[in-house]
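Source file: run_25.cif (mmCIF, C-alpha atoms)
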data_upload
#
loop_
_atom_site.group_PDB
_atom_site.id
_atom_site.type_symbol
_atom_site.label_atom_id
_atom_site.label_comp_id
_atom_site.auth_asym_id
_atom_site.auth_seq_id
_atom_site.Cartn_x
_atom_site.Cartn_y
_atom_site.Cartn_z
ATOM 1 C CA MET T 1 -65.351 -108.337 -13.498
ATOM 2 C CA GLN T 2 -63.953 -109.739 -10.268
ATOM 3 C CA THR T 3 -61.785 -112.668 -9.252
ATOM 4 C CA VAL T 4 -62.531 -114.506 -6.002
ATOM 5 C CA ALA T 5 -59.998 -116.999 -4.657
ATOM 6 C CA LEU T 6 -60.951 -119.591 -2.055
ATOM 7 C CA LYS T 7 -59.061 -122.214 -0.115
ATOM 8 C CA VAL T 8 -61.172 -125.366 -0.171
ATOM 9 C CA ARG T 9 -60.295 -128.687 1.442
ATOM 10 C CA MET T 10 -60.559 -131.252 -1.384
ATOM 11 C CA ASP T 11 -59.537 -134.891 -1.082
ATOM 12 C CA CYS T 12 -60.462 -136.433 -4.439
ATOM 13 C CA GLU T 13 -61.666 -135.713 -7.966
ATOM 14 C CA GLY T 14 -65.265 -136.102 -6.791
ATOM 15 C CA CYS T 15 -64.778 -133.201 -4.384
ATOM 16 C CA GLU T 16 -63.262 -131.180 -7.210
ATOM 17 C CA ARG T 17 -66.246 -131.867 -9.530
ATOM 18 C CA LYS T 18 -68.741 -131.049 -6.764
ATOM 19 C CA ILE T 19 -67.092 -127.702 -5.963
ATOM 20 C CA LYS T 20 -66.795 -126.799 -9.634
ATOM 21 C CA SER T 21 -70.435 -127.610 -10.397
ATOM 22 C CA VAL T 22 -71.753 -125.671 -7.391
ATOM 23 C CA LEU T 23 -69.609 -122.593 -8.052
ATOM 24 C CA SER T 24 -70.416 -122.637 -11.774
ATOM 25 C CA GLY T 25 -74.053 -122.202 -10.776
ATOM 26 C CA VAL T 26 -73.395 -118.935 -8.921
ATOM 27 C CA LYS T 27 -75.044 -116.048 -10.737
ATOM 28 C CA GLY T 28 -72.480 -114.101 -12.768
ATOM 29 C CA ALA T 29 -69.689 -116.705 -12.633
ATOM 30 C CA LYS T 30 -67.866 -116.828 -15.988
ATOM 31 C CA SER T 31 -65.160 -119.377 -15.166
ATOM 32 C CA VAL T 32 -64.217 -121.640 -12.276
ATOM 33 C CA ASP T 33 -60.625 -122.900 -12.001
ATOM 34 C CA VAL T 34 -59.761 -125.623 -9.497
ATOM 35 C CA ASP T 35 -56.182 -126.320 -8.442
ATOM 36 C CA MET T 36 -56.277 -129.553 -6.470
ATOM 37 C CA LYS T 37 -52.598 -129.410 -5.498
ATOM 38 C CA GLN T 38 -52.833 -125.984 -3.849
ATOM 39 C CA GLN T 39 -56.421 -126.574 -2.621
ATOM 40 C CA LYS T 40 -57.362 -123.347 -4.434
ATOM 41 C CA VAL T 41 -60.531 -122.457 -6.324
ATOM 42 C CA THR T 42 -60.660 -119.294 -8.425
ATOM 43 C CA VAL T 43 -64.015 -117.896 -9.607
ATOM 44 C CA THR T 44 -63.955 -115.167 -12.234
ATOM 45 C CA GLY T 45 -66.931 -113.087 -13.326
ATOM 46 C CA TYR T 46 -69.441 -110.572 -12.083
ATOM 47 C CA VAL T 47 -69.840 -112.214 -8.686
ATOM 48 C CA ASP T 48 -70.196 -111.189 -5.062
ATOM 49 C CA PRO T 49 -67.422 -112.720 -2.897
ATOM 50 C CA LYS T 50 -69.851 -113.368 -0.025
ATOM 51 C CA LYS T 51 -72.225 -115.301 -2.291
ATOM 52 C CA VAL T 52 -69.350 -117.360 -3.705
ATOM 53 C CA LEU T 53 -68.145 -118.169 -0.184
ATOM 54 C CA LYS T 54 -71.664 -119.124 0.919
ATOM 55 C CA ALA T 55 -72.155 -121.353 -2.126
ATOM 56 C CA ALA T 56 -68.834 -123.094 -1.485
ATOM 57 C CA GLN T 57 -69.756 -123.625 2.175
ATOM 58 C CA SER T 58 -73.007 -125.297 1.086
ATOM 59 C CA THR T 59 -70.888 -128.255 -0.123
ATOM 60 C CA LYS T 60 -70.007 -129.020 3.528
ATOM 61 C CA LYS T 61 -66.288 -128.625 2.782
ATOM 62 C CA LYS T 62 -63.873 -126.557 4.860
ATOM 63 C CA VAL T 63 -63.784 -123.227 2.988
ATOM 64 C CA GLU T 64 -62.089 -119.885 3.615
ATOM 65 C CA MET T 65 -61.035 -116.925 1.529
ATOM 66 C CA TRP T 66 -57.565 -117.415 0.002
ATOM 67 C CA PRO T 67 -55.271 -116.427 2.898
ATOM 68 C CA TYR T 68 -51.908 -116.414 1.089
ATOM 69 C CA VAL T 69 -49.920 -113.613 -0.530
ATOM 70 C CA PRO T 70 -46.458 -113.656 -2.146
ATOM 71 C CA TYR T 71 -43.795 -113.437 0.559
ATOM 72 C CA THR T 72 -42.188 -110.447 -1.194
ATOM 73 C CA SER T 73 -45.229 -108.300 -0.377
ATOM 74 C CA VAL T 74 -44.971 -108.885 3.395
ATOM 75 C CA ALA T 75 -42.550 -106.873 5.541
ATOM 76 C CA HIS T 76 -41.627 -109.774 7.839
ATOM 77 C CA PRO T 77 -42.579 -113.039 6.095
ATOM 78 C CA TYR T 78 -41.124 -115.396 8.703
ATOM 79 C CA VAL T 79 -42.916 -114.197 11.832
ATOM 80 C CA SER T 80 -45.012 -116.890 13.467
ATOM 81 C CA GLN T 81 -48.353 -115.456 12.287
ATOM 82 C CA ALA T 82 -47.310 -115.279 8.624
ATOM 83 C CA TYR T 83 -45.234 -118.424 8.159
ATOM 84 C CA ASP T 84 -47.330 -121.448 7.243
ATOM 85 C CA LYS T 85 -45.872 -124.833 6.281
ATOM 86 C CA LYS T 86 -48.985 -125.607 4.229
ATOM 87 C CA ALA T 87 -48.667 -122.479 2.101
ATOM 88 C CA PRO T 88 -47.831 -122.815 -1.597
ATOM 89 C CA PRO T 89 -44.206 -122.145 -2.589
ATOM 90 C CA ASN T 90 -43.144 -118.498 -2.206
ATOM 91 C CA HIS T 91 -46.334 -117.613 -0.330
ATOM 92 C CA VAL T 92 -47.107 -116.736 3.294
ATOM 93 C CA ARG T 93 -50.317 -115.938 5.154
ATOM 94 C CA ALA T 94 -51.588 -112.404 4.811
ATOM 95 C CA VAL T 95 -51.058 -110.709 8.175
ATOM 96 C CA PRO T 96 -52.496 -107.280 8.940
ATOM 97 C CA VAL T 97 -49.856 -104.712 9.791
ATOM 98 C CA THR T 98 -50.428 -103.932 13.447
ATOM 99 C CA ALA T 99 -46.994 -102.756 14.509
ATOM 100 C CA THR T 100 -46.463 -99.060 14.149
ATOM 101 C CA CYS T 101 -43.200 -97.340 14.806
ATOM 102 C CA SER T 102 -43.300 -93.813 16.080
ATOM 103 C CA GLU T 103 -40.091 -92.080 17.000
ATOM 104 C CA THR T 104 -40.235 -89.363 19.608
ATOM 105 C CA THR T 105 -37.731 -86.633 20.369
ATOM 106 C CA LEU T 106 -36.793 -88.500 23.562
ATOM 107 C CA ASP T 107 -35.804 -91.582 21.500
ATOM 108 C CA ASP T 108 -33.844 -89.340 19.154
ATOM 109 C CA THR T 109 -31.913 -87.897 22.110
ATOM 110 C CA TYR T 110 -30.826 -91.345 23.293
ATOM 111 C CA THR T 111 -29.876 -92.351 19.764
ATOM 112 C CA ASN T 112 -27.663 -89.321 19.355
ATOM 113 C CA MET T 113 -26.166 -89.772 22.839
ATOM 114 C CA PHE T 114 -24.688 -93.182 21.969
ATOM 115 C CA SER T 115 -23.932 -92.409 18.323
ATOM 116 C CA ASP T 116 -20.441 -92.913 16.862
ATOM 117 C CA GLU T 117 -20.601 -89.356 15.577
ATOM 118 C CA ASN T 118 -20.976 -87.939 19.091
ATOM 119 C CA PRO T 119 -17.494 -86.968 20.370
ATOM 120 C CA ASP T 120 -18.653 -87.306 24.022
ATOM 121 C CA ALA T 121 -20.019 -90.838 23.535
ATOM 122 C CA CYS T 122 -16.831 -92.406 24.941
ATOM 123 C CA ASN T 123 -17.295 -90.466 28.176
ATOM 124 C CA ILE T 124 -20.817 -91.727 28.580
ATOM 125 C CA MET T 125 -19.933 -95.382 28.003
#
I need this file expressed as structure tokens, please.
Amino acid sequence: MQTVALKVRMDCEGCERKIKSVLSGVKGAKSVDVDMKQQKVTVTGYVDPKKVLKAAQSTKKKVEMWPYVPYTSVAHPYVSQAYDKKAPPNHVRAVPVTATCSETTLDDTYTNMFSDENPDACNIM
């Protein structure tokens, strides 16, 4: 059992019915939920996400995998890549973590040199 969430551009109830009928026809789909306000379609069942995406794209609508995650699961939710004005409330775009922090002994030396716990720090500054 798998749940596939898609972001589909829908303008009217006709678009909603068309998407729902096409995705209901995907082999293994048990239920199709359409949220017009969030532009979100959720397909539940024994389905392949690629086949669901391809079926949704056959309707000639703008379709992509659901790009949003709750903002509490992102380290920096207000960076320019994650923040999206069109996102549902309390959600931001899923951004891959590319920044890695590696501390070297050289960095540690400088940190200790200007530390408040270093009695010679006043002489350095």
Grab the CA of Lys50 (chain T) to CA of Ile19 (chain T) distance for me, in Å with one decimal place.
15.8 Å
Please provide the set of residues having any atom within 10 Å of Gly45 (chain T), restricted to only C-alpha atoms, with same-chain residues fewer than 3 positions apart removed, written as a PDB file with C-alpha atoms, in the frame of the given file.
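Contents of around-v1.pdb, as written:
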ATOM      1  CA  MET T   1     -65.351-108.337 -13.498  1.00  0.00           C
ATOM      2  CA  GLN T   2     -63.953-109.739 -10.268  1.00  0.00           C
ATOM      3  CA  THR T   3     -61.785-112.668  -9.252  1.00  0.00           C
ATOM      4  CA  VAL T   4     -62.531-114.506  -6.002  1.00  0.00           C
ATOM      5  CA  VAL T  26     -73.395-118.935  -8.921  1.00  0.00           C
ATOM      6  CA  LYS T  27     -75.044-116.048 -10.737  1.00  0.00           C
ATOM      7  CA  GLY T  28     -72.480-114.101 -12.768  1.00  0.00           C
ATOM      8  CA  ALA T  29     -69.689-116.705 -12.633  1.00  0.00           C
ATOM      9  CA  LYS T  30     -67.866-116.828 -15.988  1.00  0.00           C
ATOM     10  CA  SER T  31     -65.160-119.377 -15.166  1.00  0.00           C
ATOM     11  CA  VAL T  32     -64.217-121.640 -12.276  1.00  0.00           C
ATOM     12  CA  ASP T  48     -70.196-111.189  -5.062  1.00  0.00           C
TER      13      ASP T  48
END
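Taking CA of Asp35 (chain T) and CA of Glu16 (chain T) as the two end points, the separation is 8.7 Å.
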How would you write, as a ChimeraX atom specification, the residues chosen by the PyMOL selection byres ((chain T and resi 71) around 6) on this structure?
/T:70,72-74,77,90-92
Residues from last step as file, C-alpha atoms, as a PDB file, in the coordinates of the input:
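Output saved as selection-v7.pdb:
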ATOM      1  CA  PRO T  70     -46.458-113.656  -2.146  1.00  0.00           C
ATOM      2  CA  THR T  72     -42.188-110.447  -1.194  1.00  0.00           C
ATOM      3  CA  SER T  73     -45.229-108.300  -0.377  1.00  0.00           C
ATOM      4  CA  VAL T  74     -44.971-108.885   3.395  1.00  0.00           C
ATOM      5  CA  PRO T  77     -42.579-113.039   6.095  1.00  0.00           C
ATOM      6  CA  ASN T  90     -43.144-118.498  -2.206  1.00  0.00           C
ATOM      7  CA  HIS T  91     -46.334-117.613  -0.330  1.00  0.00           C
ATOM      8  CA  VAL T  92     -47.107-116.736   3.294  1.00  0.00           C
TER       9      VAL T  92
END
Run through the PyMOL selection byres ((chain T and resi 40) around 8) on the given coordinates and return the selected residues as a ChimeraX atom specification.
/T:5-8,34-39,41-42,66
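Taking CA of Val69 (chain T) as the reference point, CA of Met10 (chain T) is found at 20.6 Å.
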